[in-house]
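Enquirer: Contents of target_27.cif (mmCIF, C-alpha atoms) are below:
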data_work
#
loop_
_atom_site.label_atom_id
_atom_site.label_comp_id
_atom_site.auth_asym_id
_atom_site.auth_seq_id
_atom_site.Cartn_x
_atom_site.Cartn_y
_atom_site.Cartn_z
CA MET A 18 -28.71 9.03 -6.04
CA MET A 19 -28.22 12.49 -4.52
CA LEU A 20 -25.83 11.13 -1.92
CA ARG A 21 -23.77 9.55 -4.64
CA GLN A 22 -23.60 12.83 -6.52
CA ALA A 23 -22.55 14.55 -3.32
CA ALA A 24 -19.86 11.91 -2.84
CA LYS A 25 -18.64 12.45 -6.40
CA LYS A 26 -18.49 16.19 -5.78
CA ALA A 27 -16.52 15.62 -2.60
CA LEU A 28 -14.17 13.38 -4.59
CA GLY A 29 -13.76 16.03 -7.23
CA THR A 30 -13.00 18.95 -4.97
CA THR A 31 -10.97 17.28 -2.25
CA SER A 32 -7.72 17.51 -4.16
CA ARG A 33 -8.02 21.28 -4.48
CA GLN A 34 -9.00 22.03 -0.92
CA SER A 35 -6.71 21.69 2.01
CA THR A 36 -9.45 20.28 4.25
CA PRO A 37 -9.39 16.53 4.70
CA TRP A 38 -12.04 14.06 3.50
CA PRO A 39 -15.24 14.74 5.45
CA VAL A 40 -15.60 12.05 8.08
CA GLY A 41 -19.34 11.66 7.57
CA ILE A 42 -19.20 10.49 3.94
CA SER A 43 -18.39 6.79 3.70
CA ARG A 44 -17.14 5.11 0.57
CA PHE A 45 -19.90 4.29 -1.89
CA TYR A 46 -19.97 1.39 -4.30
CA HIS A 47 -21.61 2.24 -7.59
CA GLU A 48 -24.75 0.22 -8.30
CA ASN A 49 -22.92 -1.50 -11.18
CA VAL A 50 -20.32 -2.78 -8.76
CA ILE A 51 -22.93 -4.02 -6.33
CA ASP A 52 -24.80 -5.68 -9.20
CA HIS A 53 -21.71 -7.57 -10.33
CA TYR A 54 -20.95 -8.54 -6.77
CA ASP A 55 -24.45 -9.82 -5.97
CA ASN A 56 -25.14 -11.38 -9.37
CA PRO A 57 -21.75 -12.39 -10.63
CA ARG A 58 -21.74 -13.54 -14.18
CA ASN A 59 -19.30 -15.96 -15.72
CA VAL A 60 -17.77 -17.20 -12.49
CA GLY A 61 -15.99 -20.47 -12.98
CA SER A 62 -13.25 -22.21 -14.90
CA PHE A 63 -12.49 -23.84 -18.20
CA ASP A 64 -10.14 -26.73 -18.60
CA LYS A 65 -6.72 -25.18 -18.73
CA ASN A 66 -5.44 -27.86 -21.04
CA ASP A 67 -8.17 -27.34 -23.62
CA PRO A 68 -6.38 -25.96 -26.70
CA SER A 69 -9.13 -23.46 -27.38
CA VAL A 70 -8.76 -21.89 -23.91
CA GLY A 71 -6.47 -19.05 -22.96
CA THR A 72 -5.79 -18.47 -19.26
CA GLY A 73 -4.69 -15.15 -17.80
CA LEU A 74 -3.47 -15.27 -14.19
CA VAL A 75 -2.49 -11.95 -12.64
CA GLY A 76 -2.00 -10.54 -9.20
CA ALA A 77 -1.74 -7.25 -7.36
CA PRO A 78 0.76 -7.81 -4.57
CA ALA A 79 0.13 -4.46 -2.94
CA CYS A 80 -3.33 -5.56 -1.80
CA GLY A 81 -2.96 -9.32 -2.11
CA ASP A 82 -5.44 -9.79 -4.98
CA VAL A 83 -5.38 -12.66 -7.49
CA MET A 84 -7.41 -12.71 -10.69
CA LYS A 85 -7.87 -15.52 -13.18
CA LEU A 86 -9.59 -14.79 -16.48
CA GLN A 87 -10.13 -17.46 -19.11
CA ILE A 88 -11.31 -17.13 -22.70
CA LYS A 89 -12.63 -19.76 -25.04
CA VAL A 90 -11.73 -18.98 -28.63
CA ASP A 91 -13.23 -20.27 -31.85
CA GLU A 92 -10.16 -21.52 -33.64
CA LYS A 93 -11.50 -20.85 -37.11
CA THR A 94 -12.71 -17.29 -36.66
CA GLY A 95 -10.44 -16.12 -33.85
CA GLN A 96 -13.48 -14.87 -31.96
CA ILE A 97 -13.93 -15.23 -28.23
CA VAL A 98 -17.06 -17.27 -27.72
CA ASP A 99 -17.06 -17.58 -23.92
CA ALA A 100 -15.23 -16.34 -20.85
CA ARG A 101 -14.91 -17.20 -17.18
CA PHE A 102 -13.26 -15.54 -14.22
CA LYS A 103 -12.26 -16.25 -10.64
CA THR A 104 -11.08 -13.39 -8.48
CA PHE A 105 -10.02 -13.20 -4.86
CA GLY A 106 -9.98 -9.58 -3.82
CA CYS A 107 -12.12 -6.57 -3.05
CA GLY A 108 -15.56 -5.85 -4.55
CA SER A 109 -14.03 -3.55 -7.15
CA ALA A 110 -11.62 -6.23 -8.32
CA ILE A 111 -14.39 -8.81 -8.58
CA ALA A 112 -16.64 -6.42 -10.46
CA SER A 113 -13.82 -5.36 -12.80
CA SER A 114 -13.07 -8.94 -13.82
CA SER A 115 -16.78 -9.70 -14.17
CA VAL A 116 -17.19 -6.74 -16.52
CA ALA A 117 -14.10 -7.87 -18.42
CA THR A 118 -15.58 -11.32 -19.07
CA GLU A 119 -18.79 -9.73 -20.31
CA TRP A 120 -17.03 -7.35 -22.64
CA VAL A 121 -14.74 -9.90 -24.28
CA LYS A 122 -17.50 -12.25 -25.27
CA GLY A 123 -18.26 -12.17 -28.97
CA LYS A 124 -15.27 -10.01 -29.82
CA ALA A 125 -12.22 -10.77 -31.87
CA MET A 126 -8.99 -11.30 -29.96
CA GLU A 127 -7.32 -8.25 -31.42
CA ASP A 128 -10.30 -6.11 -30.42
CA VAL A 129 -10.22 -7.06 -26.76
CA LEU A 130 -6.60 -6.06 -26.52
CA THR A 131 -7.80 -2.48 -26.92
CA ILE A 132 -10.05 -2.61 -23.85
CA LYS A 133 -8.63 -0.05 -21.46
CA ASN A 134 -8.80 -0.07 -17.68
CA THR A 135 -10.16 3.48 -17.78
CA GLU A 136 -13.25 2.24 -19.63
CA ILE A 137 -13.88 -0.43 -17.01
CA ALA A 138 -13.30 2.07 -14.23
CA LYS A 139 -15.68 4.55 -15.79
CA HIS A 140 -18.39 1.90 -16.23
CA LEU A 141 -18.11 1.04 -12.54
CA SER A 142 -17.44 4.60 -11.36
CA LEU A 143 -14.40 3.37 -9.46
CA PRO A 144 -12.80 5.86 -7.07
CA PRO A 145 -9.13 6.73 -7.66
CA VAL A 146 -7.96 4.41 -4.89
CA LYS A 147 -9.50 1.44 -6.78
CA LEU A 148 -8.20 2.22 -10.24
CA HIS A 149 -5.57 -0.48 -9.97
CA CYS A 150 -8.38 -3.08 -9.80
CA SER A 151 -9.48 -2.15 -13.31
CA MET A 152 -5.83 -2.19 -14.39
CA LEU A 153 -5.60 -5.72 -13.08
CA ALA A 154 -8.63 -6.70 -15.23
CA GLU A 155 -7.04 -5.16 -18.33
CA ASP A 156 -3.83 -7.07 -17.62
CA ALA A 157 -5.82 -10.27 -17.12
CA ILE A 158 -7.43 -9.94 -20.56
CA LYS A 159 -4.05 -9.39 -22.19
CA ALA A 160 -2.54 -12.32 -20.31
CA ALA A 161 -5.37 -14.62 -21.43
CA VAL A 162 -4.95 -13.66 -25.08
CA LYS A 163 -1.19 -14.05 -24.82
CA ASP A 164 -1.55 -17.48 -23.27
CA TYR A 165 -3.92 -18.63 -26.03
CA LYS A 166 -1.59 -17.41 -28.77
CA GLU A 167 1.39 -19.12 -27.18
CA LYS A 168 -0.55 -22.36 -26.96
CA ARG A 169 -1.48 -22.08 -30.64
CA VAL A 170 2.14 -21.58 -31.58
CA LYS A 171 3.09 -24.66 -29.61
CA THR A 172 0.37 -26.88 -31.11
CA ASN A 173 1.04 -25.56 -34.61
CA GLY A 174 4.74 -26.13 -34.10
CA THR A 175 4.27 -29.74 -33.03
CA ALA A 176 1.71 -30.36 -35.80
CA ALA A 177 4.12 -29.04 -38.43
CA ALA A 178 6.95 -31.15 -37.02
CA ALA A 179 4.69 -34.22 -37.02
CA GLY A 180 3.71 -33.46 -40.63
CA GLU A 181 7.38 -33.25 -41.65
CA THR A 182 8.34 -36.49 -39.97
CA THR A 183 5.46 -38.38 -41.58
CA GLN A 184 6.41 -36.99 -44.99
CA ALA A 185 10.03 -37.90 -44.49
CA TYR B 11 21.09 29.52 10.64
CA THR B 12 18.67 31.60 12.59
CA THR B 13 15.93 29.48 14.01
CA ILE B 14 12.60 30.95 13.06
CA SER B 15 9.92 30.17 15.60
CA LEU B 16 6.66 29.02 14.03
CA GLU B 17 4.60 27.74 16.86
CA PRO B 18 2.30 30.04 18.81
CA LYS B 19 0.39 31.86 16.08
CA ALA B 20 0.57 29.00 13.60
CA SER B 21 -1.26 26.37 15.63
CA SER B 22 -4.32 28.56 16.14
CA ASP B 23 -4.91 28.93 12.42
CA PRO B 24 -6.13 25.61 10.90
CA VAL B 25 -5.00 26.48 7.38
CA MET B 26 -1.52 27.37 8.55
CA LYS B 27 -1.45 24.19 10.56
CA LYS B 28 -2.20 22.12 7.47
CA THR B 29 0.53 23.95 5.59
CA LYS B 30 2.89 23.27 8.44
CA THR B 31 2.07 19.54 8.29
CA LEU B 32 2.52 19.57 4.53
CA VAL B 33 5.85 21.34 4.60
CA ALA B 34 6.99 19.05 7.41
CA SER B 35 6.33 16.18 5.02
CA ILE B 36 8.11 18.07 2.25
CA SER B 37 11.10 18.60 4.49
CA THR B 38 11.16 14.85 5.24
CA LEU B 39 11.05 14.13 1.52
CA TYR B 40 13.82 16.65 0.80
CA ARG B 41 15.95 15.20 3.53
CA ARG B 42 15.49 11.72 2.13
CA THR B 43 16.27 12.67 -1.44
CA TYR B 44 19.23 14.91 -0.57
CA PRO B 45 20.71 13.34 2.52
CA SER B 46 24.07 15.00 2.17
CA THR B 47 22.75 18.51 1.90
CA SER B 48 19.96 18.31 4.45
CA PRO B 49 20.18 20.82 7.26
CA CYS B 50 20.16 19.25 10.68
CA ASN B 51 17.55 21.66 11.92
CA PRO B 52 14.17 20.80 10.38
CA LEU B 53 12.71 24.14 11.46
CA ALA B 54 15.08 26.06 9.25
CA THR B 55 14.08 23.90 6.28
CA ILE B 56 10.43 24.51 7.05
CA ALA B 57 11.02 28.23 7.35
CA SER B 58 12.89 28.45 4.07
CA ILE B 59 10.18 26.51 2.23
CA ARG B 60 7.44 28.48 3.95
CA SER B 61 8.87 31.79 2.92
CA GLN B 62 8.46 30.70 -0.68
CA THR B 63 4.96 29.29 -0.36
CA GLN B 64 2.20 31.55 0.78
CA LEU B 65 -0.92 29.74 -0.37
CA PRO B 66 -1.88 26.14 0.49
CA ARG B 67 -2.24 25.45 -3.22
CA GLU B 68 1.37 26.31 -3.89
CA SER B 69 2.58 24.05 -1.13
CA LEU B 70 0.56 21.22 -2.69
CA GLN B 71 2.42 21.77 -5.96
CA HIS B 72 5.74 21.78 -4.12
CA TYR B 73 4.73 18.57 -2.41
CA SER B 74 3.83 16.83 -5.66
CA SER B 75 7.03 17.93 -7.38
CA ALA B 76 9.14 16.78 -4.45
CA GLU B 77 7.23 13.51 -4.42
CA ALA B 78 7.75 13.09 -8.19
CA LEU B 79 11.44 13.76 -7.75
CA ALA B 80 11.68 11.25 -4.92
CA ARG B 81 9.84 8.67 -7.00
CA ARG B 82 12.12 9.21 -10.00
CA LEU B 83 15.17 8.82 -7.84
CA ARG B 84 13.75 5.70 -6.24
CA CYS B 85 12.99 4.19 -9.66
CA SER B 86 16.58 4.76 -10.72
CA GLY B 87 17.53 2.09 -8.22
CA ARG B 88 19.41 4.27 -5.75
CA VAL B 89 19.10 3.42 -2.11
CA PHE B 90 19.41 6.00 0.62
CA SER B 91 20.25 5.11 4.15
CA SER B 92 18.49 7.23 6.71
CA ASP B 93 20.28 9.14 9.44
CA SER B 94 21.46 6.85 12.20
CA GLY B 95 20.22 8.76 15.16
CA ALA B 96 21.77 12.00 13.99
CA GLY B 97 18.23 13.17 13.30
CA LYS B 98 17.58 14.12 16.89
CA ARG B 99 16.70 17.73 17.47
CA VAL B 100 19.63 19.94 18.26
CA SER B 101 17.62 22.93 19.44
CA GLY B 102 16.53 21.42 22.76
CA CYS B 103 13.42 21.82 24.86
CA TRP B 104 11.15 24.69 23.82
CA ASN B 105 10.22 25.35 27.40
CA CYS B 106 13.41 25.27 29.39
CA GLY B 107 16.11 24.87 26.77
CA GLU B 108 17.32 21.53 28.18
CA LYS B 109 19.47 19.89 25.49
CA ALA B 110 18.48 16.22 25.63
CA ALA B 111 14.72 16.49 25.17
CA PHE B 112 13.67 13.39 23.20
CA LEU B 113 9.86 13.46 22.75
CA PHE B 114 9.58 14.61 26.37
CA CYS B 115 11.73 16.89 28.49
CA GLU B 116 12.69 15.27 31.77
CA SER B 117 13.77 18.43 33.54
CA CYS B 118 10.68 20.57 33.02
CA ARG B 119 8.22 17.70 32.21
CA SER B 120 6.94 19.25 29.01
CA ILE B 121 6.04 17.38 25.84
CA GLN B 122 8.04 18.19 22.74
CA PRO B 123 6.63 18.72 19.25
CA VAL B 124 6.89 15.83 16.79
CA ASP B 125 10.22 15.59 15.00
CA ASP B 126 9.72 13.83 11.68
CA SER B 127 13.31 12.72 11.46
CA VAL B 128 12.79 10.47 14.47
CA ASP B 129 11.93 7.01 13.22
CA TYR B 130 9.93 4.32 14.98
CA PHE B 131 12.97 2.30 15.99
CA GLN B 132 14.44 5.29 17.78
CA ILE B 133 11.24 5.80 19.73
CA PHE B 134 11.57 2.31 21.19
CA GLY B 135 15.30 2.49 21.57
CA LEU B 136 15.81 -0.36 19.13
CA GLU B 137 18.46 -0.93 16.54
CA LYS B 138 17.27 -0.27 13.02
CA LYS B 139 16.96 -3.87 11.99
CA TYR B 140 14.08 -6.20 11.21
CA GLU B 141 14.37 -8.69 14.05
CA ILE B 142 13.16 -7.45 17.41
CA GLU B 143 12.67 -9.09 20.77
CA PRO B 144 9.02 -10.08 21.20
CA GLY B 145 8.42 -8.14 24.41
CA SER B 146 10.52 -5.09 23.66
CA LEU B 147 7.67 -2.89 22.51
CA GLU B 148 4.91 -3.13 25.07
CA GLY B 149 6.77 -1.93 28.17
CA LYS B 150 8.29 1.04 26.40
CA TYR B 151 4.95 1.86 24.81
CA LYS B 152 3.26 2.11 28.19
CA ASP B 153 6.11 4.19 29.57
CA TRP B 154 5.81 6.68 26.73
CA GLN B 155 2.06 6.95 26.98
CA LYS B 156 2.35 7.69 30.70
CA LYS B 157 4.32 10.77 29.71
CA LEU B 158 2.75 11.77 26.40
CA HIS B 159 -0.92 10.88 26.48
CA PRO B 160 -3.30 13.81 25.86
CA ASP B 161 -5.46 12.78 28.82
CA LEU B 162 -2.63 13.73 31.15
CA VAL B 163 -2.18 17.29 29.96
CA HIS B 164 -5.59 18.89 30.52
CA ASN B 165 -4.20 21.76 32.53
CA LYS B 166 -1.39 22.60 30.14
CA SER B 167 -1.32 25.09 27.28
CA GLN B 168 -3.16 24.45 24.00
CA LYS B 169 0.20 24.18 22.29
CA GLU B 170 1.38 21.43 24.59
CA ARG B 171 -1.92 19.60 24.32
CA ASP B 172 -1.47 19.59 20.54
CA TYR B 173 2.05 18.21 20.95
CA ALA B 174 0.70 15.51 23.24
CA ALA B 175 -1.92 14.47 20.71
CA GLU B 176 0.64 14.25 17.89
CA GLN B 177 3.37 12.52 19.89
CA SER B 178 0.98 10.04 21.41
CA ALA B 179 -0.46 9.21 17.99
CA LYS B 180 3.02 8.77 16.56
CA VAL B 181 4.03 6.41 19.36
CA THR B 182 0.86 4.37 18.85
CA GLU B 183 1.48 4.20 15.12
CA ALA B 184 5.09 3.22 15.76
CA CYS B 185 4.06 0.40 18.07
CA ARG B 186 1.47 -0.87 15.60
CA THR B 187 3.90 -0.78 12.67
CA LEU B 188 6.68 -2.54 14.51
CA THR B 189 4.52 -5.20 16.12
CA LYS B 190 3.39 -6.92 12.93
CA ARG B 191 6.08 -8.62 10.87
CA LEU B 192 4.79 -7.47 7.50
CA SER B 193 4.37 -3.81 8.40
CA ARG B 194 7.77 -3.84 10.10
CA ALA B 195 9.33 -5.25 6.95
CA MET B 196 7.69 -2.62 4.76
CA TYR B 197 8.68 0.15 7.18
CA ILE B 198 12.30 -0.86 7.29
CA MET B 199 12.36 -0.95 3.51
CA LYS B 200 10.78 2.49 3.45
CA LEU B 201 13.52 3.79 5.76
CA SER B 202 16.04 2.51 3.27
CA GLY B 203 14.31 4.45 0.53
CA ILE B 204 12.54 1.54 -1.16
CA ASN B 205 8.81 1.84 -1.64
CA VAL B 206 7.22 -1.60 -1.67
CA ASN B 207 3.61 -0.70 -2.37
CA GLU B 208 3.89 0.11 -6.06
CA GLU B 209 0.63 -0.65 -7.85
CA GLU B 210 2.18 -3.05 -10.30
CA THR B 211 0.67 -6.25 -11.65
CA ILE B 212 2.59 -9.47 -11.30
CA THR B 213 2.28 -12.50 -13.54
CA ASP B 214 4.52 -15.04 -11.79
CA PRO B 215 2.58 -18.23 -12.53
CA THR B 216 4.02 -20.36 -9.72
CA LEU B 217 3.25 -17.86 -7.00
CA LEU B 218 -0.18 -16.93 -8.34
CA MET B 219 -1.18 -20.52 -8.87
CA GLU B 220 -0.21 -21.33 -5.30
CA ILE B 221 -2.17 -18.41 -3.92
CA MET B 222 -5.17 -19.24 -6.12
CA GLU B 223 -5.22 -22.79 -4.81
CA LEU B 224 -4.76 -21.56 -1.26
CA ARG B 225 -7.66 -19.15 -1.48
CA GLU B 226 -9.82 -21.80 -3.13
CA ALA B 227 -9.00 -24.23 -0.35
CA ILE B 228 -9.99 -21.64 2.21
CA SER B 229 -13.30 -20.86 0.55
CA GLU B 230 -14.12 -24.56 0.18
CA ALA B 231 -12.98 -25.55 3.66
CA ASP B 232 -15.80 -26.88 5.77
CA GLY B 233 -15.45 -26.46 9.49
CA SER B 234 -12.92 -24.95 11.83
CA GLU B 235 -10.64 -27.97 11.91
CA ALA B 236 -9.82 -27.75 8.23
CA LEU B 237 -9.40 -23.99 8.50
CA ASN B 238 -7.09 -24.22 11.48
CA GLN B 239 -4.97 -26.71 9.63
CA ILE B 240 -4.64 -24.39 6.65
CA GLN B 241 -3.93 -21.51 9.00
CA SER B 242 -1.00 -23.27 10.64
CA GLN B 243 0.40 -24.09 7.22
CA VAL B 244 0.16 -20.46 6.18
CA GLN B 245 1.74 -19.29 9.44
CA GLU B 246 4.63 -21.57 8.73
CA LYS B 247 5.03 -20.10 5.28
CA LEU B 248 4.95 -16.63 6.76
CA LYS B 249 7.75 -17.50 9.15
CA GLN B 250 9.76 -19.03 6.32
CA TRP B 251 9.41 -16.01 4.08
CA SER B 252 9.99 -13.65 6.96
CA ASP B 253 13.36 -15.31 7.48
CA SER B 254 14.09 -15.08 3.77
CA PHE B 255 13.28 -11.40 3.94
CA VAL B 256 15.81 -10.79 6.71
CA GLU B 257 18.48 -12.56 4.74
CA ALA B 258 17.73 -10.73 1.52
CA PHE B 259 17.46 -7.36 3.21
CA GLU B 260 20.67 -7.68 5.14
CA SER B 261 22.53 -8.81 2.05
CA GLN B 262 21.10 -5.73 0.31
CA ARG B 263 19.29 -7.92 -2.25
CA PHE B 264 16.38 -5.53 -2.29
CA ASP B 265 14.54 -6.97 -5.29
CA GLU B 266 14.43 -10.30 -3.55
CA ALA B 267 13.34 -8.59 -0.35
CA VAL B 268 10.43 -7.00 -2.21
CA LYS B 269 9.41 -10.44 -3.51
CA CYS B 270 9.46 -11.79 0.05
CA ILE B 271 7.24 -8.96 1.19
CA GLN B 272 4.83 -9.60 -1.68
CA ARG B 273 4.53 -13.23 -0.68
CA MET B 274 4.01 -12.27 2.93
CA THR B 275 1.25 -9.88 1.90
CA TYR B 276 -0.54 -12.69 0.08
CA TYR B 277 -0.24 -15.03 3.05
CA GLU B 278 -1.42 -12.36 5.45
CA ARG B 279 -4.49 -11.75 3.29
CA ALA B 280 -5.17 -15.48 3.28
CA CYS B 281 -4.92 -15.49 7.09
CA GLU B 282 -7.39 -12.64 7.28
CA GLU B 283 -9.84 -14.64 5.16
CA ILE B 284 -9.42 -17.65 7.43
CA VAL B 285 -10.05 -15.55 10.51
CA LYS B 286 -13.18 -14.14 8.90
CA LYS B 287 -14.47 -17.62 8.25
CA LEU B 288 -13.67 -18.97 11.68
#
As structure tokens, what does this structure read like?
Expert:
Amino acid sequence: MMLRQAAKKALGTTSRQSTPWPVGISRFYHENVIDHYDNPRNVGSFDKNDPSVGTGLVGAPACGDVMKLQIKVDEKTGQIVDARFKTFGCGSAIASSSVATEWVKGKAMEDVLTIKNTEIAKHLSLPPVKLHCSMLAEDAIKAAVKDYKEKRVKTNGTAAAAGETTQA
Amino acid sequence: YTTISLEPKASSDPVMKKTKTLVASISTLYRRTYPSTSPCNPLATIASIRSQTQLPRESLQHYSSAEALARRLRCSGRVFSSDSGAGKRVSGCWNCGEKAAFLFCESCRSIQPVDDSVDYFQIFGLEKKYEIEPGSLEGKYKDWQKKLHPDLVHNKSQKERDYAAEQSAKVTEACRTLTKRLSRAMYIMKLSGINVNEEETITDPTLLMEIMELREAISEADGSEALNQIQSQVQEKLKQWSDSFVEAFESQRFDEAVKCIQRMTYYERACEEIVKKL
């Protein structure tokens, strides 16, 4: 606990000093990150072709990470009832996507679009160098919602067309 | 210009030394953003910037504003070509004044301070292009280290020992960067003013799907035979995309070149995972 505070202090003051990062202090993972890494929740996949599933597939080419986040939506209420993720990347990326799946569950689709990477980063106490991992998670959520909406448009479109042809 | 000497007193003061490193980086940035107006003598640039910045904090601000400027110019899509060997120091050896002192002065055998305008290709006497002969680095590397390594300069001045440490480190870094295909590709893009490592998210479904499946295959692979098979497939892909990179880069299709590098990064990461499992 004290070491972590010391590390945070070092993080805070390094930018103002001209001395480099002290060699003795190694990078710390916040206990939330370790928790998500050791006990990952919601790892897995839904059937991509299921109409109630939205799939967000994003990547960070700079570090070679890929993240897949899927949501299962209740078609009547527009609420996300379940979520799954699969991430290949560093501990921070895995934890960020795990947190994302937890936070989207039980929320309306429009609500989850307001989840910001800064909130995820704060929850995990991510260091500046790992902020892009939380950004990736935010992008994954948005991609999943977008995919679901596009699928709905497609199915609604075909259903309407089918309705017209039967009437005619 | 008048050349203002910075060395003797500066290197003893650690704060001044940091400032010197910072302003050396600033001068590199300035030279890259304003290639036409850059003075050929980096020391004069350093001196002119130094005279304006007294505190380390100020030089940090200068650094960030120069960096921001460079980034804005990069984002506007302009490409700068670096100096083609014209970056060599004009002032000559600090010890004996010999003109042609590149990293190391042959006539008085003294090590020269690091010149940031010298790029890694110049150190190994190679043309500034992506393809290099496989064995062209190692021999030259050993030759340089025989002249520059800090272990060889115990009885020389503190100043020269510092030069040795910096030059030797630079040569090592140069060798490491140029040896691996991916880092060489990124370096040569950097020399052309294109920064590849932007922290952007990509959503290309074909690429991401492929990588997802690849990584899944690796994590599910049981036994070294399966892993080796995957590894050879990935190596093949790396070679293929490496060739695409050369083509794109030389035709100045830099967006495509960036995509090639991104793919190569993903394949390299996959290789690392395989190696870890093996």
Enquirer: From the set A:Val162, A:Ala112, A:Ala100, A:Leu153, which residue has the shortest atom-to-atom contact distance to A:Leu130, counting all atoms listed in the file?
Expert: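 Closest candidate: A:Val162.
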Enquirer: Could you list, as a PyMOL selection string, every residue of chain B that has an atom within 6 Å of an atom of chain A, counting all atoms listed in the file?
Expert: chain B and resi 207+211-213+272+275-276
Enquirer: Calculate how many Å separate atom CA of B:Phe259 from atom CA of B:Tyr140, rounding to one decimal.
Expert: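 Atom CA of B:Tyr140 lies 8.8 Å from atom CA of B:Phe259.
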Enquirer: Atom CA of B:Arg186 and atom CA of B:Glu148, how far apart in Å?
Expert: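 The value is 10.3 Å.
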Enquirer: Figure out the distance between atom CA of B:Leu158 and atom CA of B:Glu170, please, to one decimal in Å.
Expert: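 These atoms are spaced 9.9 Å apart.
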Enquirer: Under the PyMOL selection byres ((chain A and resi 94) around 12), which residues of this model are included? Write them out as a list in words.
Expert: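 This file gives the following for the PyMOL selection byres ((chain A and resi 94) around 12): Ser69, Lys89, Val90, Asp91, Glu92, Lys93, Gly95, Gln96, Ile97, Val98, Gly123, Lys124, Ala125, Met126 and Glu127 of chain A.
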Enquirer: As a ChimeraX atom specification, please: the residues near A:Glu155 (cut-off 8 Å, only C-alpha atoms, same-chain neighbours under 4 positions excluded).
Expert: /A:117,132-134,151,159
Enquirer: Between A:Val121, A:Ser142, A:Cys107, A:Pro68, single out the one closest to A:Asn173, counting all atoms listed in the file.
Expert: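 The shortest atom-to-atom distance to A:Asn173 comes from A:Pro68.
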Enquirer: Rank nothing, just name the residue among A:Val129, A:Trp120, A:Asp55, A:Lys139 nearest to A:Lys163, using all atoms listed in the file.
Expert: A:Val129
